[in-house]
Amino acid sequence: DAGVIVGESLNDLGGFRAVYWDSDGIHILPHIEMFDSETAFDINNKNEIVGVSTVLGKDRGVIWIHGQPKSAFPYKERFKFKESIALAINDHSVVVGNGAGDRRTWGVMWKLGSGSKRLDGLLAPNTPVIILSAADINNENQITGVAGFDGNEDDARAYFMTPVDPELVLGEPVPGVAGVVNSFTVTGAQPGAGVTFTYGMRGGGRFVPHCAVLKAVLQIDDAVVMGKGIADENGIATIEMFVPNKARDEDILMMQAFDEGNCEESQLTVIHFQ
């Protein structure tokens, strides 16, 4: 917001240097050792800059903090990206970009002090989406990019990923046995609120009706309503229902509850009935 622009400038050797422009002119950013070329892609309001440095022929995501470069996606035991690129950073210093292996790319998120995460790992279980890239992130930590849908990398489409911040707590079913009546309980609701209990077998994303996307989002695709309960004076809502025997045969059975009136949702819970 301060009017600073980032990008690249061609040097005398035919390569590119990462630069930023401000009211004083153009400034060359310090480079990583043994670099071939560098480009800056984004800057936040803390003047932290992200981009890419090509080192010995391989791309490497870079973040400049206080003007000094460091790897944006450090090598981890679980995330050994052969190449990476940092494309965007928000004012919370959360970086998104891409990591590449032998056969495919992944959308990646990184925050100083917490290391890198593949965005695939943030999805609900059994979500038929392959996150191929992460292009941008805003200050609400919402991310956009390209993903392969229905498990098909060739069916690439734009996606919008929004964080879930549960305010309700969905407990385990009691007694957690198929073939009998079970009780399902949510705590933390506002007294008198109507709480809807849902289930599904496939992860995904659905908006809660009448609620802003930042307020309440379901992580279940085609969620089925099980029932509705009214929260008592302690904020506890309970429903009871018969669970058929076939429920114990489901490998992935997910539940989530929400309060449409106050736009609050619970965490996603994977249930295994005995």
# chains A, B, ... in the order shown; residues from 1 in each chain; ligands from 1

call {"tool": "residues_around", "arguments": {"residues": "Asn90 (chain A)", "least_positions_apart": "2", "cutoff": "6 Å", "atoms": "only C-alpha atoms", "output": "list in words"}}
result
Asn44, His92, Ser93, Val94, Asn138 and Asn139 of chain A

call {"tool": "closest_atom_pairs", "arguments": {"of": "region 74-163 of chain A", "to": "region 47-64 of chain A", "cutoff": "10 Å", "atoms": "only C-alpha atoms", "output": "JSON lines"}}
result
{"residue": "A:Pro74", "atom": "CA", "partner": "A:Gly61", "partner_atom": "CA", "distance": 8.7}
{"residue": "A:Phe81", "atom": "CA", "partner": "A:Arg60", "partner_atom": "CA", "distance": 9.2}
{"residue": "A:Lys82", "atom": "CA", "partner": "A:Lys58", "partner_atom": "CA", "distance": 7.8}
{"residue": "A:Glu83", "atom": "CA", "partner": "A:Asp59", "partner_atom": "CA", "distance": 5.1}
{"residue": "A:Ser84", "atom": "CA", "partner": "A:Arg60", "partner_atom": "CA", "distance": 4.7}
{"residue": "A:Ile85", "atom": "CA", "partner": "A:Gly61", "partner_atom": "CA", "distance": 4.0}
{"residue": "A:Ala86", "atom": "CA", "partner": "A:Gly61", "partner_atom": "CA", "distance": 4.6}
{"residue": "A:Leu87", "atom": "CA", "partner": "A:Gly51", "partner_atom": "CA", "distance": 5.9}
{"residue": "A:Ala88", "atom": "CA", "partner": "A:Val50", "partner_atom": "CA", "distance": 6.4}
{"residue": "A:Ile89", "atom": "CA", "partner": "A:Val50", "partner_atom": "CA", "distance": 6.7}
{"residue": "A:Asn90", "atom": "CA", "partner": "A:Glu48", "partner_atom": "CA", "distance": 9.0}
{"residue": "A:Asp91", "atom": "CA", "partner": "A:Glu48", "partner_atom": "CA", "distance": 8.7}
{"residue": "A:Ser93", "atom": "CA", "partner": "A:Glu48", "partner_atom": "CA", "distance": 7.6}
{"residue": "A:Val95", "atom": "CA", "partner": "A:Val50", "partner_atom": "CA", "distance": 7.7}
{"residue": "A:Val96", "atom": "CA", "partner": "A:Val50", "partner_atom": "CA", "distance": 9.3}
{"residue": "A:Gly97", "atom": "CA", "partner": "A:Gly61", "partner_atom": "CA", "distance": 7.9}
{"residue": "A:Asn98", "atom": "CA", "partner": "A:Gly61", "partner_atom": "CA", "distance": 8.4}
{"residue": "A:Gly99", "atom": "CA", "partner": "A:Gly61", "partner_atom": "CA", "distance": 8.6}
{"residue": "A:Ala100", "atom": "CA", "partner": "A:Asp59", "partner_atom": "CA", "distance": 9.5}
{"residue": "A:Leu112", "atom": "CA", "partner": "A:Ile63", "partner_atom": "CA", "distance": 9.9}

call {"tool": "residues_around", "arguments": {"residues": "region 218-229 of chain A", "least_positions_apart": "6", "cutoff": "6 Å", "atoms": "only C-alpha atoms", "output": "VMD selection string"}}
result
chain A and resid 194 to 200 202 to 206 237 to 239

call {"tool": "write_last_selection", "arguments": {"atoms": "N, CA, C and O atoms", "output": "PDB file, in the first residue's frame"}}
result
ATOM      1  N   GLY A 194     -30.206 -22.735  16.883  1.00  0.00           N
ATOM      2  CA  GLY A 194     -30.499 -23.981  16.203  1.00  0.00           C
ATOM      3  C   GLY A 194     -29.246 -24.530  15.540  1.00  0.00           C
ATOM      4  O   GLY A 194     -28.621 -23.854  14.725  1.00  0.00           O
ATOM      5  N   VAL A 195     -28.863 -25.751  15.895  1.00  0.00           N
ATOM      6  CA  VAL A 195     -27.628 -26.362  15.382  1.00  0.00           C
ATOM      7  C   VAL A 195     -27.996 -27.511  14.449  1.00  0.00           C
ATOM      8  O   VAL A 195     -28.765 -28.413  14.822  1.00  0.00           O
ATOM      9  N   THR A 196     -27.457 -27.483  13.240  1.00  0.00           N
ATOM     10  CA  THR A 196     -27.704 -28.512  12.233  1.00  0.00           C
ATOM     11  C   THR A 196     -26.536 -29.484  12.201  1.00  0.00           C
ATOM     12  O   THR A 196     -25.380 -29.075  12.097  1.00  0.00           O
ATOM     13  N   PHE A 197     -26.833 -30.781  12.270  1.00  0.00           N
ATOM     14  CA  PHE A 197     -25.827 -31.841  12.223  1.00  0.00           C
ATOM     15  C   PHE A 197     -25.834 -32.455  10.829  1.00  0.00           C
ATOM     16  O   PHE A 197     -26.904 -32.801  10.305  1.00  0.00           O
ATOM     17  N   THR A 198     -24.650 -32.588  10.219  1.00  0.00           N
ATOM     18  CA  THR A 198     -24.553 -33.141   8.868  1.00  0.00           C
ATOM     19  C   THR A 198     -23.510 -34.247   8.813  1.00  0.00           C
ATOM     20  O   THR A 198     -22.644 -34.359   9.684  1.00  0.00           O
ATOM     21  N   TYR A 199     -23.594 -35.058   7.751  1.00  0.00           N
ATOM     22  CA  TYR A 199     -22.569 -36.074   7.510  1.00  0.00           C
ATOM     23  C   TYR A 199     -22.356 -36.214   6.007  1.00  0.00           C
ATOM     24  O   TYR A 199     -23.157 -35.755   5.179  1.00  0.00           O
ATOM     25  N   GLY A 200     -21.253 -36.866   5.655  1.00  0.00           N
ATOM     26  CA  GLY A 200     -20.956 -37.147   4.250  1.00  0.00           C
ATOM     27  C   GLY A 200     -19.768 -38.075   4.153  1.00  0.00           C
ATOM     28  O   GLY A 200     -19.073 -38.342   5.141  1.00  0.00           O
ATOM     29  N   ARG A 202     -17.496 -37.695   1.448  1.00  0.00           N
ATOM     30  CA  ARG A 202     -16.481 -37.090   0.583  1.00  0.00           C
ATOM     31  C   ARG A 202     -16.190 -35.672   1.047  1.00  0.00           C
ATOM     32  O   ARG A 202     -17.102 -34.887   1.301  1.00  0.00           O
ATOM     33  N   GLY A 203     -14.911 -35.370   1.196  1.00  0.00           N
ATOM     34  CA  GLY A 203     -14.522 -34.023   1.565  1.00  0.00           C
ATOM     35  C   GLY A 203     -14.705 -33.062   0.408  1.00  0.00           C
ATOM     36  O   GLY A 203     -14.768 -33.456  -0.755  1.00  0.00           O
ATOM     37  N   GLY A 204     -14.766 -31.798   0.733  1.00  0.00           N
ATOM     38  CA  GLY A 204     -14.931 -30.779  -0.309  1.00  0.00           C
ATOM     39  C   GLY A 204     -15.123 -29.430   0.328  1.00  0.00           C
ATOM     40  O   GLY A 204     -14.455 -29.083   1.288  1.00  0.00           O
ATOM     41  N   GLY A 205     -16.070 -28.681  -0.160  1.00  0.00           N
ATOM     42  CA  GLY A 205     -16.339 -27.364   0.393  1.00  0.00           C
ATOM     43  C   GLY A 205     -17.719 -26.893  -0.009  1.00  0.00           C
ATOM     44  O   GLY A 205     -18.078 -26.959  -1.180  1.00  0.00           O
ATOM     45  N   ARG A 206     -18.473 -26.476   0.977  1.00  0.00           N
ATOM     46  CA  ARG A 206     -19.806 -25.937   0.719  1.00  0.00           C
ATOM     47  C   ARG A 206     -20.046 -24.741   1.638  1.00  0.00           C
ATOM     48  O   ARG A 206     -19.711 -24.778   2.819  1.00  0.00           O
ATOM     49  N   ALA A 237     -26.127 -28.561  22.360  1.00  0.00           N
ATOM     50  CA  ALA A 237     -27.201 -29.050  21.491  1.00  0.00           C
ATOM     51  C   ALA A 237     -26.973 -30.530  21.225  1.00  0.00           C
ATOM     52  O   ALA A 237     -25.848 -30.948  20.927  1.00  0.00           O
ATOM     53  N   THR A 238     -28.043 -31.328  21.336  1.00  0.00           N
ATOM     54  CA  THR A 238     -27.923 -32.779  21.179  1.00  0.00           C
ATOM     55  C   THR A 238     -29.052 -33.297  20.304  1.00  0.00           C
ATOM     56  O   THR A 238     -30.195 -32.828  20.403  1.00  0.00           O
ATOM     57  N   ILE A 239     -28.728 -34.251  19.434  1.00  0.00           N
ATOM     58  CA  ILE A 239     -29.754 -35.000  18.714  1.00  0.00           C
ATOM     59  C   ILE A 239     -29.503 -36.485  18.937  1.00  0.00           C
ATOM     60  O   ILE A 239     -28.391 -36.901  19.284  1.00  0.00           O
TER      61      ILE A 239
END

call {"tool": "residues_around", "arguments": {"residues": "Leu253 (chain A)", "least_positions_apart": "6", "cutoff": "6 Å", "atoms": "only C-alpha atoms", "output": "list in words"}}
result
Met201, Val270 and Ile271 of chain A

call {"tool": "select_by_dssp", "arguments": {"residues": "region 61-142 of chain A", "states": "strand (DSSP E)", "output": "PyMOL selection string"}}
result
chain A and resi 61-65+68-71+83-89+94-100+105-111+115-118+129-137

call {"tool": "atom_distance", "arguments": {"atom1": "CA of Asn182 (chain A)", "atom2": "CA of Ala247 (chain A)"}}
result
12.0 Å

call {"tool": "atom_distance", "arguments": {"atom1": "CA of Ser114 (chain A)", "atom2": "CA of Gly148 (chain A)"}}
result
26.9 Å
